[in-house]
$ cat work-v1.txt   # compact mmCIF, N, CA, C and O atoms
# COMPACT_ATOMS: atom_id res chain seq x y z
N MET A 1 162.72 78.64 99.73
CA MET A 1 163.88 79.33 99.22
C MET A 1 163.46 80.32 98.14
O MET A 1 162.49 80.12 97.46
N LYS A 2 164.27 81.32 97.94
CA LYS A 2 163.97 82.36 96.98
C LYS A 2 164.55 82.05 95.61
O LYS A 2 164.41 82.83 94.71
N ARG A 3 165.19 80.93 95.45
CA ARG A 3 165.86 80.63 94.19
C ARG A 3 164.90 80.62 93.01
O ARG A 3 165.22 81.14 91.96
N ASN A 4 163.71 80.02 93.16
CA ASN A 4 162.76 79.99 92.05
C ASN A 4 162.34 81.39 91.66
O ASN A 4 162.24 81.71 90.48
N GLY A 5 162.09 82.24 92.62
CA GLY A 5 161.74 83.63 92.34
C GLY A 5 162.86 84.37 91.65
O GLY A 5 162.65 85.17 90.75
N ASP A 6 164.11 84.08 92.09
CA ASP A 6 165.27 84.71 91.46
C ASP A 6 165.38 84.28 90.01
O ASP A 6 165.66 85.09 89.14
N THR A 7 165.15 83.00 89.73
CA THR A 7 165.22 82.51 88.36
C THR A 7 164.16 83.17 87.51
O THR A 7 164.43 83.60 86.39
N LYS A 8 162.94 83.27 88.04
CA LYS A 8 161.87 83.93 87.29
C LYS A 8 162.21 85.39 87.03
O LYS A 8 161.99 85.91 85.96
N ARG A 9 162.79 86.06 88.04
CA ARG A 9 163.16 87.46 87.89
C ARG A 9 164.21 87.59 86.79
O ARG A 9 164.11 88.43 85.92
N ARG A 10 165.23 86.74 86.81
CA ARG A 10 166.28 86.81 85.79
C ARG A 10 165.71 86.56 84.42
O ARG A 10 166.06 87.21 83.46
N ARG A 11 164.81 85.56 84.31
CA ARG A 11 164.21 85.27 83.02
C ARG A 11 163.42 86.46 82.51
O ARG A 11 163.54 86.84 81.37
N SER A 12 162.63 87.07 83.36
CA SER A 12 161.81 88.18 82.91
C SER A 12 162.67 89.39 82.56
O SER A 12 162.37 90.10 81.62
N VAL A 13 163.78 89.60 83.27
CA VAL A 13 164.67 90.70 82.94
C VAL A 13 165.32 90.45 81.59
O VAL A 13 165.40 91.34 80.75
N ALA A 14 165.75 89.22 81.35
CA ALA A 14 166.37 88.89 80.05
C ALA A 14 165.37 89.03 78.92
O ALA A 14 165.68 89.58 77.86
N GLU A 15 164.14 88.55 79.14
CA GLU A 15 163.11 88.67 78.11
C GLU A 15 162.78 90.14 77.86
O GLU A 15 162.61 90.56 76.72
N GLU A 16 162.70 90.91 78.92
CA GLU A 16 162.41 92.33 78.79
C GLU A 16 163.53 93.02 78.00
O GLU A 16 163.27 93.88 77.16
N ALA A 17 164.76 92.63 78.26
CA ALA A 17 165.89 93.22 77.54
C ALA A 17 165.80 92.92 76.05
O ALA A 17 166.05 93.78 75.22
N GLU A 18 165.42 91.68 75.72
CA GLU A 18 165.29 91.31 74.31
C GLU A 18 164.18 92.11 73.63
O GLU A 18 164.35 92.60 72.53
N HIS A 19 163.05 92.22 74.27
CA HIS A 19 161.89 92.87 73.66
C HIS A 19 161.95 94.38 73.76
O HIS A 19 161.36 95.07 72.95
N GLY A 20 162.64 94.90 74.76
CA GLY A 20 162.68 96.34 74.96
C GLY A 20 163.85 97.02 74.29
O GLY A 20 164.03 98.22 74.42
N GLY A 21 164.69 96.26 73.59
CA GLY A 21 165.81 96.84 72.89
C GLY A 21 166.98 97.19 73.80
O GLY A 21 167.88 97.91 73.41
N GLU A 22 166.99 96.68 75.02
CA GLU A 22 168.09 96.94 75.94
C GLU A 22 169.30 96.11 75.54
O GLU A 22 169.19 95.15 74.80
N ASP A 23 170.44 96.47 76.06
CA ASP A 23 171.68 95.77 75.81
C ASP A 23 171.73 94.50 76.66
O ASP A 23 171.90 94.58 77.87
N PRO A 24 171.61 93.31 76.04
CA PRO A 24 171.65 92.07 76.82
C PRO A 24 172.95 91.90 77.59
O PRO A 24 172.96 91.34 78.68
N ALA A 25 174.06 92.38 77.06
CA ALA A 25 175.35 92.26 77.75
C ALA A 25 175.33 93.03 79.06
O ALA A 25 175.90 92.59 80.06
N MET A 26 174.65 94.18 79.07
CA MET A 26 174.53 94.96 80.29
C MET A 26 173.80 94.15 81.36
O MET A 26 174.22 94.09 82.51
N TRP A 27 172.69 93.51 80.96
CA TRP A 27 171.92 92.72 81.92
C TRP A 27 172.71 91.51 82.39
O TRP A 27 172.64 91.14 83.57
N GLU A 28 173.47 90.89 81.49
CA GLU A 28 174.31 89.75 81.90
C GLU A 28 175.36 90.19 82.90
O GLU A 28 175.63 89.49 83.88
N ASN A 29 175.96 91.36 82.68
CA ASN A 29 176.96 91.89 83.59
C ASN A 29 176.33 92.18 84.96
O ASN A 29 176.90 91.83 85.99
N LEU A 30 175.16 92.80 84.96
CA LEU A 30 174.47 93.07 86.22
C LEU A 30 174.12 91.77 86.95
O LEU A 30 174.30 91.67 88.16
N ASP A 31 173.66 90.79 86.20
CA ASP A 31 173.31 89.51 86.80
C ASP A 31 174.54 88.85 87.42
O ASP A 31 174.49 88.35 88.54
N ARG A 32 175.67 88.89 86.71
CA ARG A 32 176.91 88.31 87.22
C ARG A 32 177.33 89.04 88.50
O ARG A 32 177.72 88.40 89.49
N ASN A 33 177.22 90.36 88.50
CA ASN A 33 177.60 91.13 89.68
C ASN A 33 176.68 90.83 90.86
O ASN A 33 177.14 90.73 92.00
N PHE A 34 175.38 90.69 90.60
CA PHE A 34 174.45 90.34 91.68
C PHE A 34 174.77 88.95 92.24
O PHE A 34 174.66 88.72 93.45
N ARG A 35 175.19 88.04 91.39
CA ARG A 35 175.57 86.70 91.87
C ARG A 35 176.80 86.78 92.76
O ARG A 35 176.89 86.06 93.77
N GLN A 36 177.75 87.64 92.42
CA GLN A 36 178.94 87.82 93.26
C GLN A 36 178.55 88.39 94.62
O GLN A 36 179.05 87.93 95.65
N VAL A 37 177.67 89.38 94.61
CA VAL A 37 177.20 89.95 95.87
C VAL A 37 176.51 88.87 96.70
O VAL A 37 176.76 88.73 97.90
N GLN A 38 175.65 88.08 96.04
CA GLN A 38 174.92 87.04 96.77
C GLN A 38 175.88 86.02 97.38
O GLN A 38 175.66 85.53 98.48
N SER A 39 176.96 85.72 96.68
CA SER A 39 177.95 84.79 97.20
C SER A 39 178.57 85.31 98.49
O SER A 39 178.73 84.57 99.46
N VAL A 40 178.91 86.58 98.52
CA VAL A 40 179.48 87.18 99.73
C VAL A 40 178.44 87.21 100.84
O VAL A 40 178.74 86.91 102.00
N LEU A 41 177.20 87.54 100.50
CA LEU A 41 176.14 87.55 101.52
C LEU A 41 175.90 86.15 102.08
O LEU A 41 175.67 86.00 103.30
N ASP A 42 175.97 85.14 101.24
CA ASP A 42 175.83 83.76 101.72
C ASP A 42 176.97 83.40 102.66
O ASP A 42 176.76 82.73 103.68
N ARG A 43 178.18 83.82 102.32
CA ARG A 43 179.33 83.58 103.20
C ARG A 43 179.12 84.30 104.53
O ARG A 43 179.41 83.74 105.59
N ASN A 44 178.60 85.51 104.48
CA ASN A 44 178.34 86.25 105.72
C ASN A 44 177.33 85.51 106.60
O ASN A 44 177.48 85.46 107.81
N ARG A 45 176.31 84.96 105.97
CA ARG A 45 175.32 84.19 106.73
C ARG A 45 175.99 83.03 107.46
O ARG A 45 175.73 82.77 108.64
N SER A 46 176.89 82.35 106.76
CA SER A 46 177.62 81.23 107.36
C SER A 46 178.52 81.71 108.50
O SER A 46 178.59 81.07 109.56
N LEU A 47 179.20 82.82 108.29
CA LEU A 47 180.08 83.36 109.34
C LEU A 47 179.28 83.74 110.58
O LEU A 47 179.70 83.45 111.71
N ILE A 48 178.14 84.37 110.38
CA ILE A 48 177.30 84.76 111.52
C ILE A 48 176.83 83.53 112.29
O ILE A 48 176.84 83.51 113.53
N GLN A 49 176.49 82.48 111.57
CA GLN A 49 176.07 81.24 112.24
C GLN A 49 177.22 80.64 113.05
O GLN A 49 177.04 80.20 114.18
N GLN A 50 178.42 80.66 112.47
CA GLN A 50 179.60 80.14 113.19
C GLN A 50 179.88 80.97 114.44
O GLN A 50 180.17 80.40 115.50
N VAL A 51 179.79 82.29 114.32
CA VAL A 51 180.01 83.17 115.48
C VAL A 51 178.98 82.86 116.56
O VAL A 51 179.33 82.74 117.74
N ASN A 52 177.72 82.72 116.18
CA ASN A 52 176.68 82.40 117.15
C ASN A 52 176.93 81.06 117.83
O ASN A 52 176.79 80.94 119.05
N ASP A 53 177.28 80.06 117.02
CA ASP A 53 177.56 78.73 117.59
C ASP A 53 178.74 78.78 118.57
O ASP A 53 178.68 78.20 119.66
N ASN A 54 179.79 79.48 118.17
CA ASN A 54 180.96 79.61 119.04
C ASN A 54 180.61 80.34 120.33
O ASN A 54 181.06 79.97 121.41
N HIS A 55 179.82 81.39 120.21
CA HIS A 55 179.43 82.16 121.39
C HIS A 55 178.59 81.31 122.35
O HIS A 55 178.80 81.35 123.56
N GLN A 56 177.67 80.54 121.79
CA GLN A 56 176.81 79.71 122.63
C GLN A 56 177.57 78.58 123.30
O GLN A 56 177.19 78.11 124.37
N SER A 57 178.67 78.14 122.70
CA SER A 57 179.45 77.04 123.29
C SER A 57 180.17 77.49 124.57
O SER A 57 180.49 76.66 125.42
N ARG A 58 180.45 78.77 124.68
CA ARG A 58 181.14 79.35 125.84
C ARG A 58 182.54 78.76 126.06
O ARG A 58 183.11 78.89 127.14
N MET A 59 183.08 78.10 125.05
CA MET A 59 184.43 77.54 125.15
C MET A 59 185.43 78.62 124.75
O MET A 59 185.23 79.33 123.75
N ALA A 60 186.50 78.74 125.53
CA ALA A 60 187.48 79.81 125.29
C ALA A 60 188.06 79.74 123.88
O ALA A 60 188.22 80.77 123.21
N ASP A 61 188.38 78.54 123.42
CA ASP A 61 188.96 78.38 122.09
C ASP A 61 187.99 78.86 121.00
O ASP A 61 188.40 79.56 120.07
N ASN A 62 186.73 78.49 121.14
CA ASN A 62 185.73 78.92 120.16
C ASN A 62 185.50 80.43 120.20
O ASN A 62 185.32 81.06 119.16
N MET A 63 185.52 80.98 121.39
CA MET A 63 185.33 82.43 121.53
C MET A 63 186.48 83.18 120.86
O MET A 63 186.27 84.21 120.22
N SER A 64 187.71 82.65 121.00
CA SER A 64 188.85 83.33 120.37
C SER A 64 188.79 83.22 118.84
O SER A 64 189.26 84.11 118.13
N LYS A 65 188.18 82.15 118.32
CA LYS A 65 188.01 82.01 116.87
C LYS A 65 187.07 83.08 116.32
O LYS A 65 187.17 83.46 115.15
N ASN A 66 186.18 83.56 117.18
CA ASN A 66 185.23 84.58 116.73
C ASN A 66 185.91 85.88 116.30
O ASN A 66 185.38 86.60 115.45
N VAL A 67 187.07 86.17 116.85
CA VAL A 67 187.78 87.39 116.47
C VAL A 67 188.05 87.38 114.96
O VAL A 67 187.72 88.33 114.25
N ALA A 68 188.64 86.30 114.47
CA ALA A 68 188.95 86.19 113.04
C ALA A 68 187.67 86.15 112.20
O ALA A 68 187.60 86.76 111.12
N LEU A 69 186.65 85.44 112.69
CA LEU A 69 185.39 85.35 111.95
C LEU A 69 184.73 86.72 111.82
O LEU A 69 184.24 87.08 110.75
N ILE A 70 184.75 87.48 112.90
CA ILE A 70 184.13 88.81 112.88
C ILE A 70 184.94 89.75 112.00
O ILE A 70 184.38 90.59 111.29
N GLN A 71 186.26 89.61 112.00
CA GLN A 71 187.10 90.44 111.11
C GLN A 71 186.78 90.13 109.64
O GLN A 71 186.68 91.04 108.82
N GLU A 72 186.62 88.83 109.33
CA GLU A 72 186.26 88.47 107.95
C GLU A 72 184.88 89.03 107.60
O GLU A 72 184.67 89.56 106.50
N LEU A 73 183.95 88.91 108.52
CA LEU A 73 182.60 89.43 108.30
C LEU A 73 182.64 90.94 108.05
O LEU A 73 182.00 91.43 107.11
N ASN A 74 183.42 91.64 108.84
CA ASN A 74 183.54 93.09 108.66
C ASN A 74 184.13 93.42 107.29
O ASN A 74 183.65 94.33 106.59
N GLY A 75 185.15 92.69 106.88
CA GLY A 75 185.74 92.90 105.56
C GLY A 75 184.74 92.61 104.45
O GLY A 75 184.68 93.33 103.43
N ASN A 76 183.94 91.56 104.64
CA ASN A 76 182.93 91.21 103.64
C ASN A 76 181.85 92.28 103.52
O ASN A 76 181.34 92.54 102.42
N ILE A 77 181.50 92.89 104.63
CA ILE A 77 180.50 93.96 104.59
C ILE A 77 181.04 95.12 103.75
O ILE A 77 180.31 95.69 102.93
N SER A 78 182.30 95.44 103.92
CA SER A 78 182.92 96.50 103.10
C SER A 78 182.91 96.12 101.63
O SER A 78 182.66 96.96 100.76
N LYS A 79 183.18 94.84 101.35
CA LYS A 79 183.15 94.36 99.96
C LYS A 79 181.76 94.54 99.35
O LYS A 79 181.62 94.98 98.21
N VAL A 80 180.74 94.18 100.12
CA VAL A 80 179.36 94.28 99.62
C VAL A 80 179.01 95.74 99.33
O VAL A 80 178.40 96.04 98.31
N VAL A 81 179.41 96.63 100.21
CA VAL A 81 179.15 98.06 99.99
C VAL A 81 179.80 98.50 98.68
O VAL A 81 179.17 99.17 97.84
N ASN A 82 181.06 98.11 98.47
CA ASN A 82 181.76 98.47 97.24
C ASN A 82 181.11 97.83 96.01
O ASN A 82 181.01 98.46 94.96
N MET A 83 180.68 96.58 96.15
CA MET A 83 180.05 95.88 95.03
C MET A 83 178.74 96.56 94.64
O MET A 83 178.46 96.74 93.45
N TYR A 84 177.94 96.96 95.64
CA TYR A 84 176.70 97.66 95.33
C TYR A 84 176.97 99.02 94.69
O TYR A 84 176.25 99.45 93.79
N SER A 85 178.02 99.68 95.13
CA SER A 85 178.39 100.95 94.52
C SER A 85 178.77 100.74 93.05
O SER A 85 178.34 101.50 92.17
N ASP A 86 179.55 99.69 92.78
CA ASP A 86 179.92 99.36 91.40
C ASP A 86 178.70 99.00 90.57
O ASP A 86 178.59 99.38 89.40
N LEU A 87 177.78 98.25 91.18
CA LEU A 87 176.54 97.88 90.48
C LEU A 87 175.75 99.13 90.11
O LEU A 87 175.23 99.24 89.00
N ASN A 88 175.66 100.06 91.04
CA ASN A 88 174.94 101.30 90.78
C ASN A 88 175.56 102.05 89.60
O ASN A 88 174.85 102.52 88.72
N THR A 89 176.88 102.13 89.60
CA THR A 89 177.58 102.82 88.52
C THR A 89 177.36 102.11 87.19
O THR A 89 177.07 102.74 86.17
N SER A 90 177.48 100.77 87.19
CA SER A 90 177.27 100.00 85.96
C SER A 90 175.85 100.16 85.44
O SER A 90 175.63 100.34 84.25
N PHE A 91 174.90 100.10 86.35
CA PHE A 91 173.50 100.22 85.97
C PHE A 91 173.22 101.60 85.38
O PHE A 91 172.61 101.72 84.31
N ALA A 92 173.71 102.63 86.05
CA ALA A 92 173.48 103.99 85.58
C ALA A 92 174.16 104.24 84.24
O ALA A 92 173.57 104.82 83.33
N SER A 93 175.40 103.78 84.11
CA SER A 93 176.10 104.01 82.84
C SER A 93 175.50 103.16 81.73
O SER A 93 175.47 103.59 80.58
N GLY A 94 175.00 101.98 82.06
CA GLY A 94 174.36 101.13 81.05
C GLY A 94 173.12 101.77 80.49
O GLY A 94 172.88 101.75 79.28
N PHE A 95 172.32 102.39 81.33
CA PHE A 95 171.12 103.06 80.84
C PHE A 95 171.47 104.35 80.14
O PHE A 95 170.85 104.71 79.16
N GLY A 96 172.48 105.06 80.63
CA GLY A 96 172.89 106.29 79.98
C GLY A 96 173.42 106.02 78.58
O GLY A 96 173.14 106.75 77.64
N LYS A 97 174.13 104.92 78.43
CA LYS A 97 174.70 104.55 77.15
C LYS A 97 173.61 104.16 76.15
O LYS A 97 173.77 104.34 74.95
N ASN A 98 172.49 103.68 76.64
CA ASN A 98 171.39 103.26 75.77
C ASN A 98 170.38 104.38 75.55
O ASN A 98 169.31 104.15 75.01
N GLY A 99 170.69 105.57 76.01
CA GLY A 99 169.83 106.70 75.75
C GLY A 99 168.69 106.86 76.73
O GLY A 99 167.78 107.64 76.50
N HIS A 100 168.73 106.15 77.85
CA HIS A 100 167.68 106.30 78.85
C HIS A 100 168.09 107.40 79.81
O HIS A 100 169.23 107.49 80.22
N ASP A 101 167.13 108.22 80.18
CA ASP A 101 167.42 109.29 81.13
C ASP A 101 166.90 108.98 82.52
O ASP A 101 166.99 109.79 83.41
N GLY A 102 166.35 107.78 82.72
CA GLY A 102 165.83 107.39 84.01
C GLY A 102 164.39 107.79 84.22
O GLY A 102 163.75 107.36 85.15
N GLY A 103 163.84 108.61 83.34
CA GLY A 103 162.45 109.04 83.48
C GLY A 103 161.58 108.36 82.45
O GLY A 103 162.07 107.83 81.46
N GLY A 104 160.31 108.39 82.65
CA GLY A 104 159.38 107.81 81.67
C GLY A 104 159.40 106.30 81.69
O GLY A 104 160.02 105.68 82.53
N ALA A 105 158.73 105.71 80.71
CA ALA A 105 158.62 104.27 80.64
C ALA A 105 159.82 103.70 79.88
O ALA A 105 160.15 104.16 78.80
N ALA A 106 160.45 102.72 80.47
CA ALA A 106 161.60 102.09 79.83
C ALA A 106 161.12 101.25 78.65
O ALA A 106 160.09 100.60 78.72
N GLY A 107 161.90 101.28 77.59
CA GLY A 107 161.60 100.41 76.45
C GLY A 107 160.56 100.96 75.51
O GLY A 107 160.15 100.28 74.58
N THR A 108 160.09 102.18 75.71
CA THR A 108 159.10 102.73 74.79
C THR A 108 159.81 103.33 73.60
O THR A 108 160.92 103.83 73.71
N ARG A 109 159.16 103.27 72.49
CA ARG A 109 159.76 103.80 71.26
C ARG A 109 158.80 104.79 70.62
O ARG A 109 157.60 104.64 70.71
N ALA A 110 159.37 105.77 69.95
CA ALA A 110 158.53 106.79 69.30
C ALA A 110 158.10 106.32 67.93
O ALA A 110 158.70 105.53 67.29
$ encode --input "work-v1.txt" --output "C-alpha cells"
Amino acid sequence: MKRNGDTKRRRSVAEEAEHGGEDPAMWENLDRNFRQVQSVLDRNRSLIQQVNDNHQSRMADNMSKNVALIQELNGNISKVVNMYSDLNTSFASGFGKNGHDGGGAAGTRA
C-alpha cells in the first residue's frame, strides 16, 4: 500500500513548510483537499469493481444496477476534475500570497 509513503510525504511537506517559512495553514488546506480527492478516487475504485462484478455475473438485475453505478462514477469523475482545479487555484494563490513567483528555489532567503 502507498499509505506509508503518503505519510512520509505529508511529514516532509509539513517539516519543509516549518523550515522554509511557508504558511502551514496552506499546506494543511492542501492536505485536506488531497484527502477529499483520494476519498472520491477510492469510491470510484469500489464502483468500478462493482460494475465489473455485475458485468461478469451476466444477471439482468445486476446489469441494470450498472446504469446507476456508472452514472455515479461519471459524476465522481467530474467532482475530481473540479477538486483538482480548486487545488491548483489554492496552491497557486498560496504561493503567490507568500511572495513566491514559481521560479527559483523555494524557501531560499536573501
$ atom_distance --input "work-v1.txt" --atom1 "CA of Phe95 in chain A" --atom2 "atom O of Asn33 in chain A"
17.7 Å
$ atom_distance --input "work-v1.txt" --atom1 "CA of Asn66 in chain A" --atom2 "atom C of Arg43 in chain A"
13.6 Å
$ closest_residue --input "work-v1.txt" --among "A:Ala60, A:Val37, A:Met26, A:Leu47" --to "Ser90 in chain A" --atoms "only C-alpha atoms"
A:Met26
$ residues_near_point --input "work-v1.txt" --point "(177.4, 100.5, 85.4)" --cutoff "12 Å" --atoms "only C-alpha atoms" --output "PDB file with N, CA, C and O atoms, keeping the file's coordinate frame"
ATOM      1  N   ALA A  25     174.060  92.380  77.060  1.00  0.00           N
ATOM      2  CA  ALA A  25     175.350  92.260  77.750  1.00  0.00           C
ATOM      3  C   ALA A  25     175.330  93.030  79.060  1.00  0.00           C
ATOM      4  O   ALA A  25     175.900  92.590  80.060  1.00  0.00           O
ATOM      5  N   MET A  26     174.650  94.180  79.070  1.00  0.00           N
ATOM      6  CA  MET A  26     174.530  94.960  80.290  1.00  0.00           C
ATOM      7  C   MET A  26     173.800  94.150  81.360  1.00  0.00           C
ATOM      8  O   MET A  26     174.220  94.090  82.510  1.00  0.00           O
ATOM      9  N   TRP A  27     172.690  93.510  80.960  1.00  0.00           N
ATOM     10  CA  TRP A  27     171.920  92.720  81.920  1.00  0.00           C
ATOM     11  C   TRP A  27     172.710  91.510  82.390  1.00  0.00           C
ATOM     12  O   TRP A  27     172.640  91.140  83.570  1.00  0.00           O
ATOM     13  N   GLU A  28     173.470  90.890  81.490  1.00  0.00           N
ATOM     14  CA  GLU A  28     174.310  89.750  81.900  1.00  0.00           C
ATOM     15  C   GLU A  28     175.360  90.190  82.900  1.00  0.00           C
ATOM     16  O   GLU A  28     175.630  89.490  83.880  1.00  0.00           O
ATOM     17  N   ASN A  29     175.960  91.360  82.680  1.00  0.00           N
ATOM     18  CA  ASN A  29     176.960  91.890  83.590  1.00  0.00           C
ATOM     19  C   ASN A  29     176.330  92.180  84.960  1.00  0.00           C
ATOM     20  O   ASN A  29     176.900  91.830  85.990  1.00  0.00           O
ATOM     21  N   LEU A  30     175.160  92.800  84.960  1.00  0.00           N
ATOM     22  CA  LEU A  30     174.470  93.070  86.220  1.00  0.00           C
ATOM     23  C   LEU A  30     174.120  91.770  86.950  1.00  0.00           C
ATOM     24  O   LEU A  30     174.300  91.670  88.160  1.00  0.00           O
ATOM     25  N   ASP A  31     173.660  90.790  86.200  1.00  0.00           N
ATOM     26  CA  ASP A  31     173.310  89.510  86.800  1.00  0.00           C
ATOM     27  C   ASP A  31     174.540  88.850  87.420  1.00  0.00           C
ATOM     28  O   ASP A  31     174.490  88.350  88.540  1.00  0.00           O
ATOM     29  N   ASN A  33     177.220  90.360  88.500  1.00  0.00           N
ATOM     30  CA  ASN A  33     177.600  91.130  89.680  1.00  0.00           C
ATOM     31  C   ASN A  33     176.680  90.830  90.860  1.00  0.00           C
ATOM     32  O   ASN A  33     177.140  90.730  92.000  1.00  0.00           O
ATOM     33  N   MET A  83     180.680  96.580  96.150  1.00  0.00           N
ATOM     34  CA  MET A  83     180.050  95.880  95.030  1.00  0.00           C
ATOM     35  C   MET A  83     178.740  96.560  94.640  1.00  0.00           C
ATOM     36  O   MET A  83     178.460  96.740  93.450  1.00  0.00           O
ATOM     37  N   TYR A  84     177.940  96.960  95.640  1.00  0.00           N
ATOM     38  CA  TYR A  84     176.700  97.660  95.330  1.00  0.00           C
ATOM     39  C   TYR A  84     176.970  99.020  94.690  1.00  0.00           C
ATOM     40  O   TYR A  84     176.250  99.450  93.790  1.00  0.00           O
ATOM     41  N   SER A  85     178.020  99.680  95.130  1.00  0.00           N
ATOM     42  CA  SER A  85     178.390 100.950  94.520  1.00  0.00           C
ATOM     43  C   SER A  85     178.770 100.740  93.050  1.00  0.00           C
ATOM     44  O   SER A  85     178.340 101.500  92.170  1.00  0.00           O
ATOM     45  N   ASP A  86     179.550  99.690  92.780  1.00  0.00           N
ATOM     46  CA  ASP A  86     179.920  99.360  91.400  1.00  0.00           C
ATOM     47  C   ASP A  86     178.700  99.000  90.570  1.00  0.00           C
ATOM     48  O   ASP A  86     178.590  99.380  89.400  1.00  0.00           O
ATOM     49  N   LEU A  87     177.780  98.250  91.180  1.00  0.00           N
ATOM     50  CA  LEU A  87     176.540  97.880  90.480  1.00  0.00           C
ATOM     51  C   LEU A  87     175.750  99.130  90.110  1.00  0.00           C
ATOM     52  O   LEU A  87     175.230  99.240  89.000  1.00  0.00           O
ATOM     53  N   ASN A  88     175.660 100.060  91.040  1.00  0.00           N
ATOM     54  CA  ASN A  88     174.940 101.300  90.780  1.00  0.00           C
ATOM     55  C   ASN A  88     175.560 102.050  89.600  1.00  0.00           C
ATOM     56  O   ASN A  88     174.850 102.520  88.720  1.00  0.00           O
ATOM     57  N   THR A  89     176.880 102.130  89.600  1.00  0.00           N
ATOM     58  CA  THR A  89     177.580 102.820  88.520  1.00  0.00           C
ATOM     59  C   THR A  89     177.360 102.110  87.190  1.00  0.00           C
ATOM     60  O   THR A  89     177.070 102.740  86.170  1.00  0.00           O
ATOM     61  N   SER A  90     177.480 100.770  87.190  1.00  0.00           N
ATOM     62  CA  SER A  90     177.270 100.000  85.960  1.00  0.00           C
ATOM     63  C   SER A  90     175.850 100.160  85.440  1.00  0.00           C
ATOM     64  O   SER A  90     175.630 100.340  84.250  1.00  0.00           O
ATOM     65  N   PHE A  91     174.900 100.100  86.350  1.00  0.00           N
ATOM     66  CA  PHE A  91     173.500 100.220  85.970  1.00  0.00           C
ATOM     67  C   PHE A  91     173.220 101.600  85.380  1.00  0.00           C
ATOM     68  O   PHE A  91     172.610 101.720  84.310  1.00  0.00           O
ATOM     69  N   ALA A  92     173.710 102.630  86.050  1.00  0.00           N
ATOM     70  CA  ALA A  92     173.480 103.990  85.580  1.00  0.00           C
ATOM     71  C   ALA A  92     174.160 104.240  84.240  1.00  0.00           C
ATOM     72  O   ALA A  92     173.570 104.820  83.330  1.00  0.00           O
ATOM     73  N   SER A  93     175.400 103.780  84.110  1.00  0.00           N
ATOM     74  CA  SER A  93     176.100 104.010  82.840  1.00  0.00           C
ATOM     75  C   SER A  93     175.500 103.160  81.730  1.00  0.00           C
ATOM     76  O   SER A  93     175.470 103.590  80.580  1.00  0.00           O
ATOM     77  N   GLY A  94     175.000 101.980  82.060  1.00  0.00           N
ATOM     78  CA  GLY A  94     174.360 101.130  81.050  1.00  0.00           C
ATOM     79  C   GLY A  94     173.120 101.770  80.490  1.00  0.00           C
ATOM     80  O   GLY A  94     172.880 101.750  79.280  1.00  0.00           O
ATOM     81  N   PHE A  95     172.320 102.390  81.330  1.00  0.00           N
ATOM     82  CA  PHE A  95     171.120 103.060  80.840  1.00  0.00           C
ATOM     83  C   PHE A  95     171.470 104.350  80.140  1.00  0.00           C
ATOM     84  O   PHE A  95     170.850 104.710  79.160  1.00  0.00           O
ATOM     85  N   GLY A  96     172.480 105.060  80.630  1.00  0.00           N
ATOM     86  CA  GLY A  96     172.890 106.290  79.980  1.00  0.00           C
ATOM     87  C   GLY A  96     173.420 106.020  78.580  1.00  0.00           C
ATOM     88  O   GLY A  96     173.140 106.750  77.640  1.00  0.00           O
ATOM     89  N   LYS A  97     174.130 104.920  78.430  1.00  0.00           N
ATOM     90  CA  LYS A  97     174.700 104.550  77.150  1.00  0.00           C
ATOM     91  C   LYS A  97     173.610 104.160  76.150  1.00  0.00           C
ATOM     92  O   LYS A  97     173.770 104.340  74.950  1.00  0.00           O
ATOM     93  N   ASN A  98     172.490 103.680  76.640  1.00  0.00           N
ATOM     94  CA  ASN A  98     171.390 103.260  75.770  1.00  0.00           C
ATOM     95  C   ASN A  98     170.380 104.380  75.550  1.00  0.00           C
ATOM     96  O   ASN A  98     169.310 104.150  75.010  1.00  0.00           O
TER      97      ASN A  98
END
$ atom_distance --input "work-v1.txt" --atom1 "atom C of Val67 in chain A" --atom2 "CA of Arg45 in chain A"
15.5 Å
$ closest_residue --input "work-v1.txt" --among "A:Phe34, A:Asn82, A:Gln50, A:Asp23" --to "Met63 in chain A" --atoms "all atoms listed in the file"
A:Gln50
$ residues_around --input "work-v1.txt" --residues "range 52-54 of chain A" --least-positions-apart "4" --cutoff "9 Å" --atoms "only C-alpha atoms" --output "VMD selection string"
chain A and resid 47 to 48 58 to 59 61 to 66
